[in-house]
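Peer 1: Okay, handing you the structure first.
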Amino acid sequence: MAPLPVGAGDRDPAVMVRGLCKAYGGRPVLHGVDLEVRRGECFALLGPNGAGKTTTIEILEGVRRRDGGQVRVLGEDPATAGRGWRDRIGVVSQGEGAGQALTVRETLDHFAGYRGRSRPTDELLDTVGLAGQAATRVGALSGGQRRRLAVALGVQGAPELLFIDEPTTGMDPVARRGFWQLVRDLRAAGTTVLLTTHYLDEAAELADRVGVVAGGRLLEVAPPAELGARLRRRATVRWREDGGWRELRTEAPAAVLRDLLATAPHEVPGLSVTRPGLEDVYLQLVGAVPTDSEGDPR
Ligand SMILES: Nc1ncnc2c1ncn2[C@@H]1O[C@H](COP(=O)(O)OP(=O)(O)OP(=O)(O)O)[C@@H](O)[C@H]1O
């Protein structure tokens, strides 16, 4: 494998990963992941529980060691990158991070002291919708409010690249939409965002490109609308005949319909043509639905 370059120009990908491997206690959980995140895009790692999303993102953040492969984040290897690099990235992790006894404002002011640069606390409170809770102790926040505080801490240093692990877990629908808007605003301002999620709608809503991960492998990378293009091309034509259902899977449904209508004496009862939606495609990709060699559900 040719070594990845060190240092990166503005046009180089924000994240470059080749052959990333990781095992816990001798059990492999990442099997050679290749990944590129472009500057300025929002990229979602989408996959079921235990797929390897958090492990991947933590290696990219420099908080977990890899066993093999090459990684460049903003041009540097996170395993060895220093303080200057750390100031350029933001992390919203799944964990708590903040102490319970401080108020929201005190927490933000406290962490501001550690950063090379920092967005004003009042601006952050407004951005994440916590202005009303500025004087509330962190221990008294709801789960969703804590996630918002974690987001505020993640973007406090105005990072070039923001990692967000499962951003909206525990948020109510209103907070979730608010968070989505925040990510859109960050992206519009030029921040590169790499997030993990197991919510399809979140990936479809936010991501320019989605990487589907399952079993420690990156199965496919595509814009949400193009995920599983091969699977989506196949339509199902269904109708009733001789008291039972007939079903045909085809990439040329119009031709099937023409033949069917040419031979049908009158109406074709129960006739429908459907294509798999994003959820069907995702379930097939991650193997929740067994498929035959053509990618059709068995
Ligand atoms: N510290 C650890 N020690 C041992 N095994 C671990 C550790 N962290 C993760 N694993 C295992 O590694 C695999 C990948 O876990 P990981 O947390 O990366 O998946 P994930 O896709 O983020 O899952 P989730 O959506 O549930 O957060 C799982 O089988 C998990 O049990």
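In the structure tokens, chains take the letters A, B, ... in the order shown, each chain's residues start at 1, and ligands count up from 1 in the order shown.
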Please find the residues contacting ligand 1 at a distance of at most 10 Å between atoms, with only C-alpha atoms and all ligand atoms counted, and report them as a PDB file with C-alpha atoms, in the first residue's frame.

Peer 2:
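Saved as pocket30.pdb:
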ATOM      1  CA  LYS A  22      -8.923  -2.867  14.699  1.00  0.00           C
ATOM      2  CA  ALA A  23      -9.393  -5.788  17.063  1.00  0.00           C
ATOM      3  CA  TYR A  24     -10.513  -5.854  20.696  1.00  0.00           C
ATOM      4  CA  GLY A  25      -8.922  -8.661  22.723  1.00  0.00           C
ATOM      5  CA  GLY A  26      -7.968 -10.471  19.513  1.00  0.00           C
ATOM      6  CA  ARG A  27     -11.480 -10.161  18.029  1.00  0.00           C
ATOM      7  CA  PRO A  28     -11.383  -8.125  14.789  1.00  0.00           C
ATOM      8  CA  VAL A  29     -14.096  -5.463  14.569  1.00  0.00           C
ATOM      9  CA  LEU A  30     -12.775  -3.425  11.605  1.00  0.00           C
ATOM     10  CA  LEU A  45     -21.479   6.557   8.695  1.00  0.00           C
ATOM     11  CA  LEU A  46     -24.716   4.607   8.849  1.00  0.00           C
ATOM     12  CA  GLY A  47     -24.989   1.158  10.346  1.00  0.00           C
ATOM     13  CA  PRO A  48     -26.581  -1.076  12.953  1.00  0.00           C
ATOM     14  CA  ASN A  49     -25.400  -1.504  16.570  1.00  0.00           C
ATOM     15  CA  GLY A  50     -21.907  -2.927  16.815  1.00  0.00           C
ATOM     16  CA  ALA A  51     -21.079  -2.196  13.160  1.00  0.00           C
ATOM     17  CA  GLY A  52     -17.848  -0.399  14.071  1.00  0.00           C
ATOM     18  CA  LYS A  53     -18.908   3.229  13.619  1.00  0.00           C
ATOM     19  CA  THR A  54     -17.778   4.487  17.028  1.00  0.00           C
ATOM     20  CA  THR A  55     -14.507   2.578  16.806  1.00  0.00           C
ATOM     21  CA  THR A  56     -13.809   4.148  13.413  1.00  0.00           C
ATOM     22  CA  ILE A  57     -14.664   7.686  14.477  1.00  0.00           C
ATOM     23  CA  GLU A  58     -12.656   7.379  17.711  1.00  0.00           C
ATOM     24  CA  ILE A  59      -9.580   6.287  15.756  1.00  0.00           C
ATOM     25  CA  ARG A  64      -8.333   5.138  20.106  1.00  0.00           C
ATOM     26  CA  GLN A  94     -21.593   9.684  23.010  1.00  0.00           C
ATOM     27  CA  ASP A 165     -21.177  10.255  17.289  1.00  0.00           C
ATOM     28  CA  GLU A 166     -24.899   9.510  17.249  1.00  0.00           C
ATOM     29  CA  THR A 196     -22.429   8.355  12.822  1.00  0.00           C
ATOM     30  CA  THR A 197     -26.049   7.378  13.042  1.00  0.00           C
ATOM     31  CA  HIS A 198     -28.339   4.398  12.895  1.00  0.00           C
ATOM     32  CA  TYR A 199     -31.206   6.563  11.760  1.00  0.00           C
ATOM     33  CA  VAL A 213     -21.099   0.032   7.679  1.00  0.00           C
ATOM     34  CA  ALA A 214     -21.921  -3.441   8.925  1.00  0.00           C
ATOM     35  CA  GLY A 215     -19.762  -6.094  10.531  1.00  0.00           C
ATOM     36  CA  GLY A 216     -16.696  -3.853  10.467  1.00  0.00           C
TER      37      GLY A 216
END

Peer 1: Do a neighbour search on Gly84 (chain A) at 12 Å with only C-alpha atoms, toss out local chain neighbours closer than 4 positions, and write the hits as a count of residues only.

Peer 2: 11

Peer 1: Tell me, as a PDB file with N, CA and C atoms, in the first residue's frame, which residues lie within 7 Å of Val210 (chain A), counting only C-alpha atoms; anything in the same chain fewer than 4 positions away does not count.

Peer 2:
ATOM      1  N   PHE A  43     -20.680  13.872   5.896  1.00  0.00           N
ATOM      2  CA  PHE A  43     -20.605  12.440   5.574  1.00  0.00           C
ATOM      3  C   PHE A  43     -21.171  11.666   6.759  1.00  0.00           C
ATOM      4  N   ALA A  44     -22.097  10.754   6.481  1.00  0.00           N
ATOM      5  CA  ALA A  44     -22.687   9.961   7.574  1.00  0.00           C
ATOM      6  C   ALA A  44     -22.234   8.519   7.483  1.00  0.00           C
ATOM      7  N   LEU A  45     -21.718   7.993   8.583  1.00  0.00           N
ATOM      8  CA  LEU A  45     -21.479   6.557   8.695  1.00  0.00           C
ATOM      9  C   LEU A  45     -22.749   5.953   9.266  1.00  0.00           C
ATOM     10  N   LEU A  46     -23.417   5.155   8.466  1.00  0.00           N
ATOM     11  CA  LEU A  46     -24.716   4.607   8.849  1.00  0.00           C
ATOM     12  C   LEU A  46     -24.579   3.104   9.045  1.00  0.00           C
ATOM     13  N   ALA A 203     -29.531  10.299   8.197  1.00  0.00           N
ATOM     14  CA  ALA A 203     -28.503  10.232   7.149  1.00  0.00           C
ATOM     15  C   ALA A 203     -29.034  10.865   5.861  1.00  0.00           C
ATOM     16  N   VAL A 221     -20.662   3.401  -0.445  1.00  0.00           N
ATOM     17  CA  VAL A 221     -20.643   4.848  -0.207  1.00  0.00           C
ATOM     18  C   VAL A 221     -21.375   5.503  -1.368  1.00  0.00           C
ATOM     19  N   ALA A 222     -22.370   6.327  -1.064  1.00  0.00           N
ATOM     20  CA  ALA A 222     -23.135   6.992  -2.126  1.00  0.00           C
ATOM     21  C   ALA A 222     -23.946   8.128  -1.527  1.00  0.00           C
ATOM     22  N   PRO A 223     -24.354   9.099  -2.370  1.00  0.00           N
ATOM     23  CA  PRO A 223     -25.341  10.072  -1.886  1.00  0.00           C
ATOM     24  C   PRO A 223     -26.600   9.300  -1.470  1.00  0.00           C
ATOM     25  N   PRO A 224     -27.341   9.812  -0.474  1.00  0.00           N
ATOM     26  CA  PRO A 224     -28.477   9.040   0.037  1.00  0.00           C
ATOM     27  C   PRO A 224     -29.432   8.567  -1.065  1.00  0.00           C
TER      28      PRO A 224
END

Peer 1: Excluding Leu285 (chain A) and its own-chain neighbours fewer than 2 positions away, which residues fall within 8 Å of it when counting only C-alpha atoms? Please give them as a ChimeraX atom specification.

Peer 2: /A:212,219,228,281-283,287-288

Peer 1: Env of region 119-127 of chain A: 7 Å cut, atoms = only C-alpha atoms, seq-sep filter 3 positions within chain, self excluded. Answer as a PyMOL selection string.

Peer 2: chain A and resi 108-109+130-131+152+156-158

Peer 1: Restricted to N, CA and C atoms, what would the selected residues look like written as an mmCIF file, in the first residue's frame?

Peer 2:
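Produced file part_18.cif, reproduced below:
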data_model
loop_
_atom_site.group_PDB
_atom_site.id
_atom_site.type_symbol
_atom_site.label_atom_id
_atom_site.label_comp_id
_atom_site.auth_asym_id
_atom_site.auth_seq_id
_atom_site.Cartn_x
_atom_site.Cartn_y
_atom_site.Cartn_z
ATOM 1 N N LEU A 108 -19.333 25.844 29.731
ATOM 2 C CA LEU A 108 -18.829 26.372 28.458
ATOM 3 C C LEU A 108 -17.646 27.314 28.692
ATOM 4 N N ASP A 109 -17.754 28.174 29.726
ATOM 5 C CA ASP A 109 -16.653 29.098 30.028
ATOM 6 C C ASP A 109 -15.396 28.328 30.431
ATOM 7 N N LEU A 130 -29.915 26.513 24.189
ATOM 8 C CA LEU A 130 -29.815 26.309 25.642
ATOM 9 C C LEU A 130 -29.754 27.640 26.407
ATOM 10 N N ALA A 131 -30.121 28.742 25.739
ATOM 11 C CA ALA A 131 -30.021 30.047 26.411
ATOM 12 C C ALA A 131 -30.854 30.051 27.694
ATOM 13 N N ALA A 152 -22.616 21.916 21.769
ATOM 14 C CA ALA A 152 -22.035 23.255 21.983
ATOM 15 C C ALA A 152 -20.536 23.136 22.252
ATOM 16 N N GLN A 156 -17.449 24.624 19.931
ATOM 17 C CA GLN A 156 -16.943 25.796 20.656
ATOM 18 C C GLN A 156 -15.666 26.361 20.039
ATOM 19 N N GLY A 157 -14.788 25.478 19.597
ATOM 20 C CA GLY A 157 -13.515 25.930 19.046
ATOM 21 C C GLY A 157 -13.587 26.264 17.557
ATOM 22 N N ALA A 158 -14.823 26.434 17.003
ATOM 23 C CA ALA A 158 -15.008 26.704 15.572
ATOM 24 C C ALA A 158 -14.140 25.763 14.727
#

Peer 1: Which parts of region 54-279 of chain A does DSSP call helix (DSSP H, G or I) when run on the backbone here, written out as a PyMOL selection string?

Peer 2: chain A and resi 54-61+83-86+104-112+121-127+131-133+138-140+143-155+173-188+200-206+224-226+229-233+253-263+278-279

Peer 1: Do you know which residues are at most 10 Å from Leu248 (chain A) counting only C-alpha atoms, after dropping those on the same chain fewer than 6 positions away, and could you put them as a list in words?

Peer 2: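 The contact residues come out as Arg234, Ala235, Thr236, Val237, Arg238, Trp239, Val256 and Val273 of chain A.
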
Peer 1: Can I get the selected residues back with N, CA and C atoms, as a compact mmCIF listing (two decimals), in the first residue's frame?

Peer 2:
# COMPACT_ATOMS: atom_id res chain seq x y z
N ARG A 234 -34.47 -2.59 -9.55
CA ARG A 234 -35.35 -3.73 -9.74
C ARG A 234 -36.72 -3.45 -9.15
N ALA A 235 -37.71 -3.40 -10.04
CA ALA A 235 -39.08 -3.16 -9.61
C ALA A 235 -39.79 -4.50 -9.39
N THR A 236 -40.82 -4.46 -8.59
CA THR A 236 -41.66 -5.65 -8.40
C THR A 236 -43.02 -5.38 -9.03
N VAL A 237 -43.39 -6.21 -9.99
CA VAL A 237 -44.73 -6.13 -10.60
C VAL A 237 -45.56 -7.25 -9.96
N ARG A 238 -46.72 -6.86 -9.44
CA ARG A 238 -47.53 -7.82 -8.69
C ARG A 238 -48.96 -7.77 -9.19
N TRP A 239 -49.60 -8.87 -9.29
CA TRP A 239 -51.02 -8.89 -9.69
C TRP A 239 -51.66 -10.20 -9.26
N VAL A 256 -42.84 -5.69 -18.96
CA VAL A 256 -43.66 -6.70 -18.29
C VAL A 256 -45.13 -6.29 -18.34
N VAL A 273 -46.89 -1.79 -9.23
CA VAL A 273 -45.45 -1.78 -9.54
C VAL A 273 -44.77 -1.01 -8.41
